[in-house]
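Chemist: This is the structure I have questions about; it appears just below.
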Amino acid sequence: MKIRRCAVLYVESREDLAIDWQAILSGRNALAGATRWVALAPHLDRELDVGADDLPALGGISQSVWRARAELERRYGADSIERLLEQGLLIADTPEYASARERDDTLRAIHWRPLSALAHTFGRWREVSAVVTTEGESFQEMLNSFGEPPPPTLELNEEGALKLPAAVRGPLDETLFLRYTGRNYDTAASLPLAVAARLLQRTFGAQELRQIGPHASVLKKTSPSGGALHPVEAFVLAQRVDGVEPGLYHYHPIAHELRPVRTMPQDEAAALAASMLGDQAWLAGAAMQVILVGRTERSFWKYRNHQKAYRALALDAGHLSQTFYLLAAEAGLPAFITAAINDADIEQQLGLDHLKHAVIAMCGCGKAAAGTRHMVELRYGETDAGPA
Ligand SMILES: Cc1cc2nc3c(=O)[nH]c(=O)nc-3n(C[C@H](O)[C@H](O)[C@H](O)COP(=O)(O)O)c2cc1C
C-alpha cells in the first residue's frame with residue numbers, strides 16, 4: 001500500500017472555555033480552558049479531533065509523493081498511520097480507502113486555493129435557524145449588548161474637502177429609489193410568468209454567446225463577471241409562479257428554460273424555502289426564491305489556486321443580486337438577498353458537490369403584502385395601495 005497526506009489540511013489549536021463551578025465555590029479563577037487539536041480538511045467536510053501523537057505524521061508525510069506504508073509505519077508508528085487512514089487524513093491507493101481518495105482527488109482536480117477551500121467548506125450551515133442569530137435581534141437589543149456601533153461613515157481629513165454638485169436626475173433614478181428589501185410578502189399572490197421570465201432572463205440569462213475556441217465560449221450578461229466566466233448560475237425554487245409547477249429547477253442561461261430538479265406540492269415548497277433560508281419566514285413568503293451557485297470548476301479553470309478567485313465568485317453573486325433587485329423594483333416588486341442560508345442542506349436538495357458547486361446566497365421576490373410598502377400598483381395599475 002502507498003500513502004500520502006490529503007491535499008489540504010489545517011490543524012487548529014481549539015480552546016474550549018467552560019465555567020469551572022468547583023473553582024467558583026473555592027474562590028479560584030472560574031474560567032477553565034481546555035485545548036485540543038482539530039483537523040480541518042475540505043475533502044472530508046467535517047471537523048476531526050486529532051491527538052498530539054498523530055501530529056508528527058500529519059506534518060511529516062508528503063501531500064504529493066506516495067510512500068510505502070511500511071516505511072511510514074517505521075517512522076511514525078503503525079497506530080498513528082492506522083488512525084489517520086481511518087479518519088481520511090492520510091490517503092491510500094487501495095480500494096478499502098477509496099472514498100477519501102475520491103474526495104481528495106476531486107479537491108486536487110478543481111484547483112481550489114487551500115484557505116478558500118477551508119473557508120468555504122467550514123462556513124456552510126446545516127439545519128441552522130438564522131432567527132436565533134443576530135439577524136433576528138433588534139437594533140435596540142444589539143445596542144444594549146454591544147454598545148454603540150462604529151460611526152456610519154469613515155471620517156478622514158475634512159480639511160480641504162471638495163463639495164460636489166448635487167446628483168442630476170437620470171432615467172435610472174426611478175428604479176434605484178424604488179429598490180428595497182421586502183420582508184413582508186403576500187403569501188397568497190403569485191408571480192406572473194412573464195415577470196418571472198423577465199427577471200431570470202435579464203439577470204441570469206445570456207445576452208450573448210462568444211466563441212473563444214472550437215469548444216469554448218463565454219457569455220455576456222447584464223452584470224459584469226470576473227474573467228468573463230459567469231460561473232454563478234441560478235437554481236429556482238418556484239413556490240407560486242403562474243404556469244410553473246412548484247419545485248426546484250435549474251435556470252438554463254442560454255436556453256432560457258427552467259429544467260426541473262424536483263417538483264413538489266406548494267406547501268412542501270414553502271417549507272423547503274423556510275428551511276433553506278434558516279427559518280427566515282419574512283423571506284420565505286416570497287413567491288420565487290433563487291439560489292446562486294458558483295461553479296468553481298469553471299472559475300478556477302482560469303483562476304487556478306488563486307488567492308482572489310473565491311472573492312471574485314462572491315462578488316459575481318453580489319452583482320447578479322443587485323441586477324435582480326433592480327429588475328424586481330422595475331416590476332414594482334420588493335426583493336431580497338441573504339447569505340444566512342443552510343447551504344449544505346441546499347446542496348443535498350440540488351444534488352450538488354460543495355467542492356464543485358459553491359452555494360453562495362439566495363435571493364427572491366414577490367408581491368408585498370397589502371398595507372406594507374407596496375410597489376406592484378405602480379407598474380401593474382392595481383389599486384389597493386400606493387407606492388411608499
Ligand atoms: C450580503 C447581504 C446579506 C443579507 N442578509 C440578509 C438576511 O440574512 N436577512 C434579511 O432579512 N436581509 C438580509 N439582507 C438585506 C439587508 O438587510 C438590507 O439590504 C438592508 O437592511 C438595507 O435595506 P434595503 O435593501 O431595503 O436598502 C442582506 C443584504 C446583503 C447585501
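Here's how to read the names in the C-alpha cells: chain A, B, ... by the order shown, residue numbers from 1 in each chain, ligand numbers from 1 in the order shown.
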Report as a ChimeraX atom specification which protein, DNA and RNA residues come within 10 Å of ligand 1, using only C-alpha atoms and all ligand atoms.
Modeler: /A:130-131,133-136,177-183,277-278,280-283,314-315,317-319,321-322,325,334-341,360-363
Chemist: Residues near Ala197 of chain A, anyone? I mean within 12 Å using only C-alpha atoms, not counting same-chain ones fewer than 2 positions away, as a compact mmCIF listing (two decimals) with all heavy atoms, in the first residue's frame.
Modeler:
# COMPACT_ATOMS: atom_id res chain seq x y z
N LEU A 191 -46.59 35.07 -8.84
CA LEU A 191 -45.79 35.92 -9.73
C LEU A 191 -46.23 35.61 -11.16
O LEU A 191 -46.21 34.43 -11.57
CB LEU A 191 -44.32 35.54 -9.52
CG LEU A 191 -43.24 36.55 -9.83
CD1 LEU A 191 -43.42 37.83 -9.03
CD2 LEU A 191 -41.87 35.93 -9.53
N PRO A 192 -46.62 36.62 -11.94
CA PRO A 192 -46.96 36.32 -13.33
C PRO A 192 -45.75 35.69 -14.03
O PRO A 192 -44.60 36.10 -13.77
CB PRO A 192 -47.29 37.70 -13.92
CG PRO A 192 -47.59 38.57 -12.74
CD PRO A 192 -46.78 38.05 -11.61
N LEU A 193 -45.99 34.74 -14.90
CA LEU A 193 -44.90 34.04 -15.58
C LEU A 193 -44.01 35.02 -16.35
O LEU A 193 -42.78 34.90 -16.35
CB LEU A 193 -45.46 32.96 -16.51
CG LEU A 193 -44.42 32.09 -17.22
CD1 LEU A 193 -43.54 31.35 -16.21
CD2 LEU A 193 -45.09 31.10 -18.17
N ALA A 194 -44.64 36.02 -16.98
CA ALA A 194 -43.86 36.97 -17.78
C ALA A 194 -42.88 37.74 -16.90
O ALA A 194 -41.76 38.05 -17.32
CB ALA A 194 -44.80 37.93 -18.50
N VAL A 195 -43.31 38.07 -15.67
CA VAL A 195 -42.43 38.81 -14.75
C VAL A 195 -41.26 37.91 -14.32
O VAL A 195 -40.10 38.33 -14.34
CB VAL A 195 -43.23 39.30 -13.51
CG1 VAL A 195 -42.29 39.94 -12.48
CG2 VAL A 195 -44.31 40.30 -13.93
N LEU A 199 -37.31 38.58 -15.15
CA LEU A 199 -36.32 38.65 -14.05
C LEU A 199 -35.18 37.67 -14.28
O LEU A 199 -34.00 38.02 -14.13
CB LEU A 199 -37.01 38.28 -12.74
CG LEU A 199 -37.59 39.42 -11.93
CD1 LEU A 199 -38.60 38.89 -10.92
CD2 LEU A 199 -36.47 40.15 -11.21
N LEU A 200 -35.54 36.45 -14.63
CA LEU A 200 -34.50 35.42 -14.80
C LEU A 200 -33.65 35.70 -16.03
O LEU A 200 -32.42 35.64 -15.99
CB LEU A 200 -35.14 34.02 -14.90
CG LEU A 200 -35.80 33.54 -13.60
CD1 LEU A 200 -36.58 32.25 -13.84
CD2 LEU A 200 -34.76 33.33 -12.50
N GLN A 201 -34.32 36.05 -17.15
CA GLN A 201 -33.55 36.24 -18.38
C GLN A 201 -32.62 37.44 -18.29
O GLN A 201 -31.46 37.38 -18.65
CB GLN A 201 -34.50 36.40 -19.58
CG GLN A 201 -33.90 35.91 -20.91
CD GLN A 201 -32.86 36.88 -21.47
OE1 GLN A 201 -32.93 38.08 -21.26
NE2 GLN A 201 -31.89 36.34 -22.22
N ARG A 202 -33.15 38.55 -17.76
CA ARG A 202 -32.34 39.78 -17.74
C ARG A 202 -31.29 39.76 -16.63
O ARG A 202 -30.33 40.52 -16.69
CB ARG A 202 -33.25 41.01 -17.57
CG ARG A 202 -34.14 41.25 -18.77
CD ARG A 202 -33.32 41.71 -19.99
NE ARG A 202 -34.20 42.26 -21.00
CZ ARG A 202 -34.64 41.58 -22.05
NH1 ARG A 202 -34.26 40.33 -22.25
NH2 ARG A 202 -35.45 42.16 -22.94
N THR A 203 -31.47 38.91 -15.61
CA THR A 203 -30.43 38.81 -14.57
C THR A 203 -29.44 37.70 -14.89
O THR A 203 -28.23 37.92 -14.89
CB THR A 203 -31.04 38.51 -13.18
OG1 THR A 203 -32.09 39.44 -12.91
CG2 THR A 203 -29.98 38.61 -12.09
N PHE A 204 -29.96 36.51 -15.13
CA PHE A 204 -29.08 35.34 -15.22
C PHE A 204 -28.91 34.81 -16.64
O PHE A 204 -28.08 33.94 -16.88
CB PHE A 204 -29.65 34.20 -14.33
CG PHE A 204 -29.85 34.62 -12.90
CD1 PHE A 204 -31.11 34.90 -12.40
CD2 PHE A 204 -28.76 34.77 -12.06
CE1 PHE A 204 -31.29 35.31 -11.08
CE2 PHE A 204 -28.92 35.18 -10.74
CZ PHE A 204 -30.20 35.44 -10.25
N GLY A 205 -29.71 35.33 -17.56
CA GLY A 205 -29.67 34.82 -18.93
C GLY A 205 -28.50 35.37 -19.71
O GLY A 205 -27.97 36.44 -19.41
N VAL A 236 -33.84 27.75 -9.21
CA VAL A 236 -35.08 28.44 -8.81
C VAL A 236 -35.91 27.52 -7.93
O VAL A 236 -36.09 26.35 -8.23
CB VAL A 236 -35.87 28.84 -10.08
CG1 VAL A 236 -37.25 29.38 -9.71
CG2 VAL A 236 -35.08 29.87 -10.89
N ALA A 238 -39.50 27.58 -7.17
CA ALA A 238 -40.76 28.23 -7.53
C ALA A 238 -41.83 27.79 -6.53
O ALA A 238 -42.10 26.61 -6.39
CB ALA A 238 -41.16 27.83 -8.95
N VAL A 241 -45.45 30.61 -8.99
CA VAL A 241 -45.18 31.29 -10.27
C VAL A 241 -46.21 30.74 -11.26
O VAL A 241 -46.29 29.52 -11.46
CB VAL A 241 -43.74 31.02 -10.77
CG1 VAL A 241 -43.50 31.77 -12.08
CG2 VAL A 241 -42.71 31.42 -9.72
N ASP A 242 -47.01 31.63 -11.84
CA ASP A 242 -48.10 31.18 -12.72
C ASP A 242 -47.55 30.26 -13.81
O ASP A 242 -46.56 30.59 -14.48
CB ASP A 242 -48.77 32.40 -13.39
CG ASP A 242 -49.50 33.26 -12.35
OD1 ASP A 242 -49.76 32.75 -11.25
OD2 ASP A 242 -49.77 34.44 -12.66
N GLY A 243 -48.17 29.11 -13.97
CA GLY A 243 -47.80 28.20 -15.05
C GLY A 243 -46.58 27.35 -14.75
O GLY A 243 -46.12 26.60 -15.61
N VAL A 244 -46.02 27.47 -13.54
CA VAL A 244 -44.85 26.66 -13.18
C VAL A 244 -45.22 25.78 -11.99
O VAL A 244 -45.65 26.29 -10.94
CB VAL A 244 -43.63 27.54 -12.80
CG1 VAL A 244 -42.43 26.68 -12.41
CG2 VAL A 244 -43.26 28.47 -13.96
N TYR A 251 -32.13 27.08 -13.83
CA TYR A 251 -32.42 28.01 -14.92
C TYR A 251 -31.26 27.93 -15.92
O TYR A 251 -30.11 28.22 -15.55
CB TYR A 251 -32.56 29.45 -14.40
CG TYR A 251 -32.67 30.43 -15.56
CD1 TYR A 251 -33.82 30.49 -16.34
CD2 TYR A 251 -31.59 31.25 -15.90
CE1 TYR A 251 -33.90 31.35 -17.42
CE2 TYR A 251 -31.68 32.12 -16.99
CZ TYR A 251 -32.84 32.15 -17.74
OH TYR A 251 -32.91 32.99 -18.83
N HIS A 252 -31.57 27.53 -17.15
CA HIS A 252 -30.51 27.43 -18.15
C HIS A 252 -30.32 28.79 -18.83
O HIS A 252 -31.24 29.29 -19.49
CB HIS A 252 -30.83 26.36 -19.20
CG HIS A 252 -29.63 26.02 -20.02
ND1 HIS A 252 -29.14 26.86 -20.99
CD2 HIS A 252 -28.78 24.97 -19.98
CE1 HIS A 252 -28.06 26.33 -21.53
NE2 HIS A 252 -27.81 25.18 -20.92
N PRO A 253 -29.13 29.41 -18.68
CA PRO A 253 -28.96 30.80 -19.12
C PRO A 253 -28.96 31.00 -20.62
O PRO A 253 -29.20 32.11 -21.09
CB PRO A 253 -27.61 31.21 -18.53
CG PRO A 253 -26.97 29.99 -18.01
CD PRO A 253 -27.95 28.87 -18.01
N HIS A 256 -32.77 29.57 -21.85
CA HIS A 256 -33.83 30.31 -21.15
C HIS A 256 -34.97 29.35 -20.78
O HIS A 256 -36.12 29.52 -21.16
CB HIS A 256 -34.32 31.46 -22.04
CG HIS A 256 -35.34 32.35 -21.38
ND1 HIS A 256 -35.24 32.82 -20.09
CD2 HIS A 256 -36.52 32.86 -21.86
CE1 HIS A 256 -36.29 33.57 -19.81
NE2 HIS A 256 -37.09 33.61 -20.86
N GLU A 257 -34.56 28.30 -20.06
CA GLU A 257 -35.52 27.26 -19.67
C GLU A 257 -35.38 26.97 -18.18
O GLU A 257 -34.27 27.03 -17.64
CB GLU A 257 -35.21 25.94 -20.41
CG GLU A 257 -35.52 25.97 -21.88
CD GLU A 257 -35.03 24.71 -22.61
OE1 GLU A 257 -34.33 23.87 -21.99
OE2 GLU A 257 -35.33 24.59 -23.80
N LEU A 258 -36.50 26.59 -17.57
CA LEU A 258 -36.44 26.04 -16.22
C LEU A 258 -36.40 24.52 -16.35
O LEU A 258 -37.36 23.92 -16.84
CB LEU A 258 -37.67 26.47 -15.42
CG LEU A 258 -37.70 27.91 -14.93
CD1 LEU A 258 -39.01 28.19 -14.20
CD2 LEU A 258 -36.51 28.23 -14.02
N MET A 288 -41.03 33.51 -5.30
CA MET A 288 -39.96 32.79 -6.01
C MET A 288 -38.62 33.04 -5.30
O MET A 288 -38.30 34.19 -5.00
CB MET A 288 -39.88 33.29 -7.46
CG MET A 288 -38.76 32.65 -8.26
SD MET A 288 -38.81 33.13 -10.01
CE MET A 288 -37.96 34.69 -9.99
N PHE A 324 -30.89 41.73 -10.08
CA PHE A 324 -32.18 41.09 -9.77
C PHE A 324 -33.08 42.05 -9.00
O PHE A 324 -34.26 42.21 -9.30
CB PHE A 324 -31.89 39.82 -8.96
CG PHE A 324 -33.10 39.01 -8.60
CD1 PHE A 324 -33.61 38.05 -9.47
CD2 PHE A 324 -33.73 39.18 -7.38
CE1 PHE A 324 -34.73 37.29 -9.13
CE2 PHE A 324 -34.85 38.43 -7.03
CZ PHE A 324 -35.34 37.48 -7.91
N LEU A 327 -34.41 44.80 -11.33
CA LEU A 327 -35.46 44.31 -12.22
C LEU A 327 -36.76 44.10 -11.44
O LEU A 327 -37.86 44.37 -11.95
CB LEU A 327 -35.02 43.02 -12.92
CG LEU A 327 -34.07 43.26 -14.08
CD1 LEU A 327 -33.19 42.06 -14.33
CD2 LEU A 327 -34.86 43.62 -15.34
N ALA A 328 -36.64 43.61 -10.21
CA ALA A 328 -37.83 43.44 -9.37
C ALA A 328 -38.45 44.81 -9.10
O ALA A 328 -39.66 44.99 -9.24
CB ALA A 328 -37.47 42.73 -8.07
N ALA A 331 -40.37 46.08 -11.84
CA ALA A 331 -41.66 45.39 -11.97
C ALA A 331 -42.58 45.73 -10.80
O ALA A 331 -43.67 45.16 -10.68
CB ALA A 331 -41.42 43.88 -12.03
Chemist: Would you list, as a ChimeraX atom specification, the residues of segment 89-205 of chain A that end up in helix (DSSP H, G or I) under DSSP run on this structure's backbone?
Modeler: /A:95-110,114-121,130-132,134-136,139-146,173-178,193-204
Chemist: Which value, in Å to one decimal, gives the distance between atom CA of Leu355 of chain A and atom CA of Leu44 of chain A?
Modeler: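 Between atom CA of Leu355 of chain A and atom CA of Leu44 of chain A the gap is 10.6 Å.
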Chemist: Pick out the closest residue to Thr106 of chain A from this set: A:Asp343, A:Glu297, A:Glu148, A:Asp49. Count only C-alpha atoms.
Modeler: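 Of all the options, A:Glu297 lies closest to Thr106 of chain A.
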Chemist: Report the residues of segment 17-213 of chain A whose backbone DSSP state falls under strand (DSSP E), written as a PyMOL selection string.
Modeler: chain A and resi 17-19+31-40+48-50+67-68+90-92+208-213
